[in-house]
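Q: Contents of run-v6.cif (mmCIF, C-alpha atoms) are given next:
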```cif
data_final
loop_
_atom_site.label_atom_id
_atom_site.label_comp_id
_atom_site.auth_asym_id
_atom_site.auth_seq_id
_atom_site.Cartn_x
_atom_site.Cartn_y
_atom_site.Cartn_z
CA MET A 1 -5.48 -24.33 21.27
CA ALA A 2 -3.74 -27.62 20.50
CA ASP A 3 -5.39 -30.01 18.06
CA GLU A 4 -6.12 -33.71 18.64
CA PHE A 5 -2.44 -34.51 18.08
CA ASN A 6 -1.41 -31.99 20.73
CA VAL A 7 0.04 -29.67 18.09
CA SER A 8 -0.47 -25.91 18.42
CA TRP A 9 -0.72 -23.75 15.31
CA LEU A 10 0.25 -20.20 14.54
CA GLY A 11 -0.80 -18.18 11.53
CA VAL A 12 1.89 -15.60 10.82
CA GLY A 13 1.31 -12.89 8.24
CA VAL A 14 4.59 -11.75 6.71
CA SER A 15 5.41 -8.55 4.87
CA GLY A 16 8.41 -7.33 2.96
CA GLY A 17 8.35 -8.95 -0.46
CA TYR A 18 11.50 -10.38 -1.98
CA GLN A 19 13.69 -8.23 0.28
CA ALA A 20 12.17 -9.94 3.33
CA ALA A 21 13.60 -13.24 2.12
CA ARG A 22 17.07 -11.72 2.48
CA ARG A 23 16.72 -9.32 5.39
CA GLY A 24 13.80 -10.72 7.34
CA PRO A 25 10.07 -9.91 7.18
CA SER A 26 7.73 -7.92 9.36
CA MET A 27 5.52 -10.52 11.06
CA SER A 28 2.01 -10.44 12.49
CA ALA A 29 1.40 -13.58 14.53
CA GLY A 30 -1.96 -15.06 15.47
CA GLY A 31 -3.06 -18.23 17.21
CA ASP A 32 -2.36 -19.88 20.54
CA LYS A 33 -0.60 -17.39 22.84
CA GLU A 34 1.22 -20.12 24.75
CA ALA A 35 2.59 -21.50 21.48
CA PHE A 36 3.65 -18.01 20.40
CA ASP A 37 5.53 -17.47 23.66
CA LYS A 38 7.42 -20.72 23.10
CA VAL A 39 8.68 -19.81 19.63
CA SER A 40 8.75 -16.01 19.73
CA HIS A 41 12.51 -15.99 20.43
CA LEU A 42 13.04 -17.82 17.13
CA LEU A 43 10.66 -15.57 15.21
CA GLU A 44 12.43 -12.51 16.62
CA LYS A 45 15.71 -13.75 15.14
CA TRP A 46 14.10 -14.21 11.73
CA ALA A 47 12.12 -10.96 11.71
CA ALA A 48 13.33 -7.68 10.23
CA LYS A 49 14.87 -5.24 12.68
CA HIS A 50 14.12 -1.56 13.19
CA ASP A 51 16.41 0.38 15.54
CA GLY A 52 17.44 -2.95 17.05
CA THR A 53 13.88 -4.12 17.70
CA SER A 54 12.38 -7.12 15.92
CA CYS A 55 9.37 -6.36 13.71
CA LEU A 56 7.20 -9.02 15.33
CA GLY A 57 3.89 -8.73 17.14
CA TYR A 58 1.23 -11.03 18.57
CA MET A 59 -2.13 -9.90 17.22
CA GLY A 60 -4.55 -12.25 18.94
CA PRO A 61 -6.10 -15.72 18.76
CA GLY A 62 -7.11 -17.70 15.70
CA GLY A 63 -6.35 -16.07 12.37
CA ALA A 64 -5.75 -12.59 13.81
CA GLY A 65 -2.20 -12.41 12.47
CA ASN A 66 -3.15 -13.09 8.88
CA TYR A 67 -6.18 -10.82 9.24
CA VAL A 68 -3.95 -7.92 10.30
CA LYS A 69 -1.65 -8.63 7.36
CA MET A 70 -4.68 -8.53 5.05
CA CYS A 71 -5.71 -5.13 6.42
CA HIS A 72 -2.09 -4.00 6.16
CA ASN A 73 -2.27 -4.67 2.42
CA GLY A 74 -5.59 -2.87 2.17
CA ILE A 75 -3.93 0.16 3.75
CA GLU A 76 -1.03 -0.12 1.31
CA HIS A 77 -3.40 -0.29 -1.66
CA ALA A 78 -5.16 2.83 -0.39
CA GLN A 79 -1.84 4.66 0.00
CA MET A 80 -0.72 3.68 -3.49
CA GLY A 81 -4.00 4.97 -4.87
CA ILE A 82 -3.51 8.26 -3.05
CA MET A 83 0.06 8.61 -4.30
CA ALA A 84 -1.04 7.81 -7.87
CA GLU A 85 -3.72 10.51 -7.77
CA LEU A 86 -1.30 13.09 -6.40
CA TYR A 87 1.30 12.07 -8.97
CA GLY A 88 -1.25 12.60 -11.72
CA LEU A 89 -2.10 16.03 -10.34
CA LEU A 90 1.54 17.10 -10.12
CA ARG A 91 2.65 15.55 -13.41
CA HIS A 92 -0.25 16.00 -15.80
CA GLN A 93 -2.07 19.03 -14.42
CA ALA A 94 0.72 21.02 -12.78
CA GLY A 95 3.33 19.94 -15.36
CA LEU A 96 6.13 19.02 -12.96
CA THR A 97 8.85 16.64 -14.11
CA ASN A 98 9.32 13.22 -12.59
CA ASP A 99 12.55 14.39 -10.96
CA GLU A 100 10.75 17.38 -9.42
CA ILE A 101 8.01 15.12 -8.06
CA ALA A 102 10.67 12.75 -6.72
CA ASP A 103 12.24 15.68 -4.83
CA ILE A 104 8.85 16.49 -3.26
CA MET A 105 8.28 12.88 -2.20
CA GLU A 106 11.80 12.57 -0.83
CA ALA A 107 11.17 15.66 1.31
CA TRP A 108 8.02 13.94 2.64
CA TYR A 109 10.05 10.83 3.41
CA LYS A 110 12.75 12.72 5.30
CA ASP A 111 10.59 14.89 7.53
CA GLY A 112 7.03 15.33 8.72
CA MET A 113 4.00 13.07 9.05
CA LEU A 114 5.08 10.90 6.12
CA SER A 115 8.68 10.37 7.21
CA ASP A 116 10.05 6.83 6.83
CA ASN A 117 7.00 5.80 4.78
CA TYR A 118 8.23 2.84 2.74
CA LEU A 119 5.84 3.33 -0.17
CA ILE A 120 6.85 6.97 -0.55
CA GLN A 121 10.49 5.89 -0.54
CA LEU A 122 9.76 3.45 -3.36
CA GLY A 123 7.92 6.27 -5.13
CA PHE A 124 10.76 8.74 -5.32
CA ILE A 125 13.32 6.03 -6.09
CA GLY A 126 11.16 4.74 -8.95
CA LEU A 127 10.49 8.21 -10.36
CA ARG A 128 14.25 8.78 -10.75
CA ARG A 129 14.92 5.54 -12.61
CA LYS A 130 15.96 6.14 -16.21
CA ASP A 131 16.96 2.62 -17.27
CA GLY A 132 14.37 -0.10 -17.61
CA ASP A 133 14.40 -3.65 -18.95
CA GLU A 134 14.96 -4.49 -22.61
CA SER A 135 11.42 -3.53 -23.57
CA MET A 136 11.78 -0.07 -22.01
CA GLY A 137 15.37 0.80 -22.77
CA ARG A 138 16.43 4.19 -21.49
CA VAL A 139 13.71 6.79 -21.04
CA GLU A 140 14.83 10.38 -20.54
CA ASP A 141 11.84 11.35 -18.38
CA GLY A 142 12.02 8.11 -16.39
CA VAL A 143 11.00 4.50 -16.95
CA ILE A 144 7.65 5.26 -15.36
CA GLU A 145 6.70 6.92 -18.66
CA ALA A 146 7.12 3.58 -20.44
CA MET A 147 5.10 1.53 -17.96
CA ASP A 148 1.62 0.32 -18.84
CA ASP A 149 -0.95 2.11 -16.70
CA LYS A 150 -2.73 -0.91 -15.32
CA VAL A 151 -2.67 -3.18 -12.27
CA VAL A 152 -3.87 -6.72 -12.87
CA GLN A 153 -3.24 -8.42 -9.51
CA ASP A 154 -6.79 -7.90 -8.26
CA VAL A 155 -8.45 -9.52 -11.26
CA ASP A 156 -6.09 -12.34 -12.28
CA GLY A 157 -5.99 -14.11 -8.91
CA THR A 158 -2.35 -13.37 -8.07
CA GLU A 159 -3.25 -11.04 -5.18
CA GLY A 160 -6.32 -11.43 -3.01
CA THR A 161 -5.75 -9.28 0.05
CA GLY A 162 -7.11 -6.09 -1.51
CA THR A 163 -10.33 -7.85 -2.50
CA TRP A 164 -10.66 -9.50 0.92
CA SER A 165 -10.02 -6.21 2.74
CA ASN A 166 -12.80 -4.56 0.78
CA SER A 167 -15.13 -7.48 1.44
CA GLU A 168 -14.49 -7.06 5.15
CA THR A 169 -15.41 -3.37 5.06
CA ALA A 170 -18.84 -4.41 3.78
CA ILE A 171 -19.30 -7.42 6.07
CA ARG A 172 -18.27 -5.45 9.16
CA HIS A 173 -20.17 -2.31 8.13
CA VAL A 174 -17.06 -0.12 8.30
CA ALA A 175 -16.82 2.97 6.12
CA ALA A 176 -13.46 2.73 4.36
CA PRO A 177 -13.64 4.93 1.24
CA ALA A 178 -9.85 4.95 0.80
CA PHE A 179 -9.89 1.14 0.56
CA ASN A 180 -12.92 1.10 -1.72
CA ALA A 181 -11.80 3.85 -4.11
CA SER A 182 -8.32 2.41 -4.58
CA HIS A 183 -9.70 -1.08 -5.21
CA ASN A 184 -12.22 0.17 -7.76
CA LEU A 185 -9.55 2.14 -9.60
CA ARG A 186 -7.12 -0.79 -9.57
CA THR A 187 -9.82 -3.07 -10.99
CA THR A 188 -10.76 -0.49 -13.62
CA SER A 189 -7.11 0.00 -14.58
CA ALA A 190 -6.70 -3.71 -15.30
CA ARG A 191 -9.25 -3.49 -18.11
CA LYS A 192 -7.28 -1.00 -20.15
CA GLY A 193 -8.79 -1.92 -23.50
CA GLU A 194 -12.27 -1.38 -22.13
CA ARG A 195 -11.20 1.95 -20.62
CA ILE A 196 -9.81 3.22 -23.93
CA LYS A 197 -12.89 2.20 -25.92
CA THR A 198 -15.21 3.81 -23.36
CA ALA A 199 -13.22 7.06 -23.35
CA GLU A 200 -13.29 7.18 -27.14
CA ALA A 201 -16.98 6.34 -27.42
CA LEU A 202 -18.04 8.90 -24.82
CA LYS A 203 -15.45 11.47 -25.94
CA LEU A 204 -14.40 11.92 -22.33
CA PRO A 205 -12.39 15.09 -21.62
CA GLN A 206 -8.75 14.49 -20.89
CA PRO A 207 -6.74 16.11 -18.06
CA GLY A 208 -5.39 19.54 -18.92
CA ARG A 209 -2.64 21.74 -17.57
CA PHE A 210 -3.41 24.60 -15.21
CA ASP A 211 -1.43 27.42 -13.68
CA VAL A 212 -0.57 26.48 -10.10
CA GLY A 213 0.25 30.08 -9.22
CA ASP A 214 2.47 30.16 -6.16
CA ARG A 215 4.36 26.88 -6.59
CA ASP A 216 5.43 26.57 -2.94
CA ALA A 217 1.88 27.20 -1.74
CA PHE A 218 0.55 24.62 -4.20
CA ILE A 219 3.06 21.98 -3.08
CA LYS A 220 2.13 22.72 0.53
CA LYS A 221 -1.52 21.98 -0.29
CA VAL A 222 -0.58 18.75 -2.04
CA THR A 223 1.54 17.77 0.96
CA GLY A 224 -1.42 18.35 3.26
CA ALA A 225 -3.61 16.21 1.00
CA ALA A 226 -1.03 13.41 1.07
CA GLU A 227 -0.80 13.51 4.87
CA ALA A 228 -4.58 13.55 5.31
CA GLY A 229 -5.09 10.73 2.82
CA VAL A 230 -2.47 8.44 4.34
CA LEU A 231 -3.79 9.12 7.85
CA ALA A 232 -7.31 8.27 6.66
CA ALA A 233 -6.07 5.00 5.13
CA PHE A 234 -4.49 3.92 8.40
CA THR A 235 -7.54 4.97 10.41
CA GLN A 236 -9.86 2.98 8.15
CA GLY A 237 -7.57 -0.05 8.30
CA PHE A 238 -7.55 0.03 12.09
CA ALA A 239 -11.33 0.33 12.10
CA VAL A 240 -11.67 -2.82 9.98
CA SER A 241 -9.23 -4.85 12.10
CA ARG A 242 -10.38 -3.95 15.62
CA ASP A 243 -11.98 -6.56 17.90
CA LEU A 244 -9.93 -9.36 16.38
CA GLY A 245 -10.98 -11.73 19.17
CA THR A 246 -14.50 -11.95 17.77
CA LEU A 247 -14.41 -10.73 14.17
CA LYS A 248 -18.16 -10.33 14.17
CA PRO A 249 -19.94 -7.81 11.93
CA CYS A 250 -20.66 -4.55 13.75
CA ALA A 251 -18.39 -5.51 16.65
CA GLY A 252 -16.88 -2.63 18.59
CA LEU A 253 -19.06 0.12 17.17
CA ASP A 254 -19.19 1.75 20.58
#
```
Could you render the structure from this file as structure tokens?
A:
Amino acid sequence: MADEFNVSWLGVGVSGGYQAARRGPSMSAGGDKEAFDKVSHLLEKWAAKHDGTSCLGYMGPGGAGNYVKMCHNGIEHAQMGIMAELYGLLRHQAGLTNDEIADIMEAWYKDGMLSDNYLIQLGFIGLRRKDGDESMGRVEDGVIEAMDDKVVQDVDGTEGTGTWSNSETAIRHVAAPAFNASHNLRTTSARKGERIKTAEALKLPQPGRFDVGDRDAFIKKVTGAAEAGVLAAFTQGFAVSRDLGTLKPCAGLD
């Protein structure tokens, strides 16, 4: 709807990080449909392309576009949490090397339910990196071994979409355990000093190695867990973002 100055507004959520600035973002548009139709040809030129198709969609009226982008980030946070847990299982319990885990993730990326998953692609590329910045130098097992195990975006105000996504799960009475668990773990990770003191004071047991037995069978189980977890994250994200025309708590529970 146009405002008093006869100006129509669109809220367009963009995704793609710094690469989007060079190659075009994925865009979720919301607002006046008539206004979107007038400028969509321009947005299509700016948007990223996949198999020749622009990564642009109209999500609904009002702030629907930015809302979808928010849920998109909630889904990404959930997926990153899932990948981190599986990495920990493969690396610290099963004793696989970073290169071996990278091979597993690359196989997921190339074929199956997780094919073309951008976060998994970043995962196996990152696991193979040996050279870091000046503070890391070269690390034989990969620069990931030199990284601090904490995420601070959710507590220092530089990233709000994960927090907002979780707030929406409560407001809209949607069960989204993948969102909630990943957010809680990210927030906990940010307070590393507190984590270390708590572990020392309580003498918490640390992860130990175990015999995986049939390695191929074990990797198959981990693959199934990854597929199920990522599917659950998407399902929960869609549940939070449905009925964007109203955005009322409990809407669409039929």
Q: Would you mind telling me which residue in A:Ala78, A:Gly112, A:His41, A:Glu140 lies nearest to Ala232 in chain A when using only C-alpha atoms?
A: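 Using only C-alpha atoms, Ala232 in chain A sits closest to A:Ala78.
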Q: When you count all atoms listed in the file, which of these residues is closest to Tyr58 in chain A: A:Pro205, A:Gly142, A:Gly81, A:Gly11?
A: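 Smallest separation from Tyr58 in chain A among the options: A:Gly11.
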Q: Might I get the box with edges along x, y and z of the file that holds all atoms of range 172-176 of chain A listed there, padded by 4 Å on every side, given as centre and edge lengths in Å to one decimal, as JSON?
A:
```
{"center_x": -16.8, "center_y": -1.2, "center_z": 6.8, "size_x": 14.7, "size_y": 16.4, "size_z": 12.8}
```
Q: Please evaluate the PyMOL selection byres ((chain A and resi 146) around 12) against the displayed coordinates and give the resulting residues as a list in words.
A: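 Taken on the displayed file, the PyMOL selection byres ((chain A and resi 146) around 12) yields the residues Leu127, Arg129, Lys130, Asp131, Gly132, Asp133, Glu134, Ser135, Met136, Gly137, Arg138, Val139, Glu140, Asp141, Gly142, Val143, Ile144, Glu145, Met147, Asp148, Asp149 and Lys150 of chain A.
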Q: Report the residues retrieved by the PyMOL selection byres ((chain A and resi 164) around 10) from the displayed file, expressed as a list in words.
A: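 Against this file, the PyMOL selection byres ((chain A and resi 164) around 10) returns the residues Tyr67, Met70, Cys71, Asn73, Gly74, Glu159, Gly160, Thr161, Gly162, Thr163, Ser165, Asn166, Ser167, Glu168 and Thr169 of chain A.
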Q: Skip Lys69 in chain A itself and residues of its chain fewer than 5 positions away, then list as an mmCIF file with C-alpha atoms, in the coordinates of the input all residues within 8 Å of it, counting only C-alpha atoms.
A:
```cif
data_model
loop_
_atom_site.group_PDB
_atom_site.id
_atom_site.type_symbol
_atom_site.label_atom_id
_atom_site.label_comp_id
_atom_site.auth_asym_id
_atom_site.auth_seq_id
_atom_site.Cartn_x
_atom_site.Cartn_y
_atom_site.Cartn_z
ATOM 1 C CA GLY A 13 1.310 -12.890 8.240
ATOM 2 C CA VAL A 14 4.590 -11.750 6.710
ATOM 3 C CA SER A 15 5.410 -8.550 4.870
ATOM 4 C CA SER A 28 2.010 -10.440 12.490
#
```
Q: Contacts of Asn117 in chain A at 12 Å or less, counting only C-alpha atoms, minus same-chain residues fewer than 3 places along, as a PyMOL selection string?
A: chain A and resi 76+79-80+83+105-114+120-124+226-227+230-231
Q: Restricting the calculation to only C-alpha atoms, which member of A:Thr188, A:Gln206, A:Thr223, A:Ser182 is positioned closest to His77 in chain A?
A: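 Checking each candidate against His77 in chain A, we get A:Ser182 as the closest.
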Q: Can you work out which one of A:Ser26, A:Thr235, A:Asn66, A:Gln153 has the shortest atom-to-atom distance to Thr187 in chain A, counting only C-alpha atoms?
A: A:Gln153
Q: Tell me which of A:Ala64, A:Ala228, A:Leu90, A:Ala175 sits closest to Ser241 in chain A, counting all atoms listed in the file.
A: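 For Ser241 in chain A, the nearest of the given residues is A:Ala64.
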Q: If we count all atoms listed in the file, what is near Trp9 in chain A at a cut-off of 12 Å, once residues fewer than 5 positions away on the same chain are taken out, given as an MDAnalysis selection string?
A: chainID A and resid 1:4 29:36 38:39 61:63 65
Q: Just C-alpha atoms for this one: save the residues we selected as a compact mmCIF listing (two decimals), keeping the file's coordinate frame.
A:
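Below is the file that was written, again_4.txt:
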```
# COMPACT_ATOMS: atom_id res chain seq x y z
CA MET A 1 -5.48 -24.33 21.27
CA ALA A 2 -3.74 -27.62 20.50
CA ASP A 3 -5.39 -30.01 18.06
CA GLU A 4 -6.12 -33.71 18.64
CA ALA A 29 1.40 -13.58 14.53
CA GLY A 30 -1.96 -15.06 15.47
CA GLY A 31 -3.06 -18.23 17.21
CA ASP A 32 -2.36 -19.88 20.54
CA LYS A 33 -0.60 -17.39 22.84
CA GLU A 34 1.22 -20.12 24.75
CA ALA A 35 2.59 -21.50 21.48
CA PHE A 36 3.65 -18.01 20.40
CA LYS A 38 7.42 -20.72 23.10
CA VAL A 39 8.68 -19.81 19.63
CA PRO A 61 -6.10 -15.72 18.76
CA GLY A 62 -7.11 -17.70 15.70
CA GLY A 63 -6.35 -16.07 12.37
CA GLY A 65 -2.20 -12.41 12.47
```
Q: What is the CA of Ala94 in chain A to CA of Asp211 in chain A distance in Å?
A: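 Rounded to one decimal, the two atoms are 6.8 Å apart.
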Q: Go through the shown structure with the PyMOL selection byres ((chain A and resi 87) around 10) and write out the matching residues as a count of residues only.
A: 20
Q: What does the distance from CA of Ala239 in chain A to CA of Val68 in chain A come to in Å, to one decimal?
A: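 CA of Ala239 in chain A sits 11.2 Å away from CA of Val68 in chain A.
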Q: Could you tell me how far CA of Ala181 in chain A lies from CA of Ala233 in chain A, in Å and to one decimal?
A: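 Taking CA of Ala181 in chain A as the start and CA of Ala233 in chain A as the end point, the length is 10.9 Å.
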Q: Just the residues within 8 Å of Val152 in chain A, please, counting only C-alpha atoms, with nothing from its chain fewer than 5 positions along; format it as a list in words.
A: Arg186, Thr187, Ser189 and Ala190 of chain A
Q: Which polymer residues have any atom within 9 Å of an atom of Leu56 in chain A, counting only C-alpha atoms, with same-chain residues fewer than 5 positions away left out, as a list of chain:residue names?
A: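 My list of contacting residues is A:Pro25, A:Ser26, A:Met27, A:Ser28, A:Ala29, A:Ser40, A:Leu43, A:Glu44, A:Ala47, A:Ala48, A:Lys49.
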Q: Model the absent atoms of range 66-81 of chain A so that N, CA, C and O atoms are present, and write the result as a PDB file, in the coordinates of the input.
A:
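Written out: part.pdb:
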```pdb
ATOM      1  N   ASN A  66      -2.946 -13.205  10.317  1.00  0.00           N
ATOM      2  CA  ASN A  66      -3.150 -13.090   8.880  1.00  0.00           C
ATOM      3  C   ASN A  66      -4.205 -12.031   8.549  1.00  0.00           C
ATOM      4  O   ASN A  66      -4.148 -11.387   7.495  1.00  0.00           O
ATOM      5  N   TYR A  67      -5.157 -11.846   9.457  1.00  0.00           N
ATOM      6  CA  TYR A  67      -6.180 -10.820   9.240  1.00  0.00           C
ATOM      7  C   TYR A  67      -5.538  -9.429   9.259  1.00  0.00           C
ATOM      8  O   TYR A  67      -5.844  -8.574   8.410  1.00  0.00           O
ATOM      9  N   VAL A  68      -4.645  -9.205  10.224  1.00  0.00           N
ATOM     10  CA  VAL A  68      -3.950  -7.920  10.300  1.00  0.00           C
ATOM     11  C   VAL A  68      -3.105  -7.703   9.050  1.00  0.00           C
ATOM     12  O   VAL A  68      -3.054  -6.591   8.504  1.00  0.00           O
ATOM     13  N   LYS A  69      -2.445  -8.743   8.580  1.00  0.00           N
ATOM     14  CA  LYS A  69      -1.650  -8.630   7.360  1.00  0.00           C
ATOM     15  C   LYS A  69      -2.538  -8.265   6.166  1.00  0.00           C
ATOM     16  O   LYS A  69      -2.160  -7.461   5.312  1.00  0.00           O
ATOM     17  N   MET A  70      -3.740  -8.861   6.118  1.00  0.00           N
ATOM     18  CA  MET A  70      -4.680  -8.530   5.050  1.00  0.00           C
ATOM     19  C   MET A  70      -5.038  -7.052   5.088  1.00  0.00           C
ATOM     20  O   MET A  70      -5.001  -6.357   4.058  1.00  0.00           O
ATOM     21  N   CYS A  71      -5.370  -6.543   6.287  1.00  0.00           N
ATOM     22  CA  CYS A  71      -5.710  -5.130   6.420  1.00  0.00           C
ATOM     23  C   CYS A  71      -4.510  -4.237   6.119  1.00  0.00           C
ATOM     24  O   CYS A  71      -4.650  -3.147   5.567  1.00  0.00           O
ATOM     25  N   HIS A  72      -3.326  -4.715   6.476  1.00  0.00           N
ATOM     26  CA  HIS A  72      -2.090  -4.000   6.160  1.00  0.00           C
ATOM     27  C   HIS A  72      -1.996  -3.777   4.646  1.00  0.00           C
ATOM     28  O   HIS A  72      -1.666  -2.676   4.182  1.00  0.00           O
ATOM     29  N   ASN A  73      -2.317  -4.811   3.871  1.00  0.00           N
ATOM     30  CA  ASN A  73      -2.270  -4.670   2.420  1.00  0.00           C
ATOM     31  C   ASN A  73      -3.363  -3.756   1.899  1.00  0.00           C
ATOM     32  O   ASN A  73      -3.172  -3.022   0.928  1.00  0.00           O
ATOM     33  N   GLY A  74      -4.537  -3.797   2.544  1.00  0.00           N
ATOM     34  CA  GLY A  74      -5.590  -2.870   2.170  1.00  0.00           C
ATOM     35  C   GLY A  74      -5.155  -1.432   2.369  1.00  0.00           C
ATOM     36  O   GLY A  74      -5.425  -0.551   1.539  1.00  0.00           O
ATOM     37  N   ILE A  75      -4.460  -1.177   3.479  1.00  0.00           N
ATOM     38  CA  ILE A  75      -3.930   0.160   3.750  1.00  0.00           C
ATOM     39  C   ILE A  75      -2.899   0.550   2.696  1.00  0.00           C
ATOM     40  O   ILE A  75      -2.887   1.683   2.197  1.00  0.00           O
ATOM     41  N   GLU A  76      -2.032  -0.397   2.338  1.00  0.00           N
ATOM     42  CA  GLU A  76      -1.030  -0.120   1.310  1.00  0.00           C
ATOM     43  C   GLU A  76      -1.689   0.204  -0.041  1.00  0.00           C
ATOM     44  O   GLU A  76      -1.262   1.139  -0.737  1.00  0.00           O
ATOM     45  N   HIS A  77      -2.705  -0.558  -0.399  1.00  0.00           N
ATOM     46  CA  HIS A  77      -3.400  -0.290  -1.660  1.00  0.00           C
ATOM     47  C   HIS A  77      -3.989   1.124  -1.643  1.00  0.00           C
ATOM     48  O   HIS A  77      -3.920   1.853  -2.640  1.00  0.00           O
ATOM     49  N   ALA A  78      -4.589   1.494  -0.506  1.00  0.00           N
ATOM     50  CA  ALA A  78      -5.160   2.830  -0.390  1.00  0.00           C
ATOM     51  C   ALA A  78      -4.076   3.895  -0.550  1.00  0.00           C
ATOM     52  O   ALA A  78      -4.257   4.894  -1.259  1.00  0.00           O
ATOM     53  N   GLN A  79      -2.932   3.688   0.097  1.00  0.00           N
ATOM     54  CA  GLN A  79      -1.840   4.660   0.000  1.00  0.00           C
ATOM     55  C   GLN A  79      -1.319   4.763  -1.430  1.00  0.00           C
ATOM     56  O   GLN A  79      -1.031   5.865  -1.913  1.00  0.00           O
ATOM     57  N   MET A  80      -1.199   3.636  -2.104  1.00  0.00           N
ATOM     58  CA  MET A  80      -0.720   3.680  -3.490  1.00  0.00           C
ATOM     59  C   MET A  80      -1.708   4.417  -4.378  1.00  0.00           C
ATOM     60  O   MET A  80      -1.300   5.161  -5.289  1.00  0.00           O
ATOM     61  N   GLY A  81      -3.004   4.234  -4.116  1.00  0.00           N
ATOM     62  CA  GLY A  81      -4.000   4.970  -4.870  1.00  0.00           C
ATOM     63  C   GLY A  81      -3.891   6.467  -4.646  1.00  0.00           C
ATOM     64  O   GLY A  81      -3.994   7.274  -5.583  1.00  0.00           O
TER      65      GLY A  81
END
```
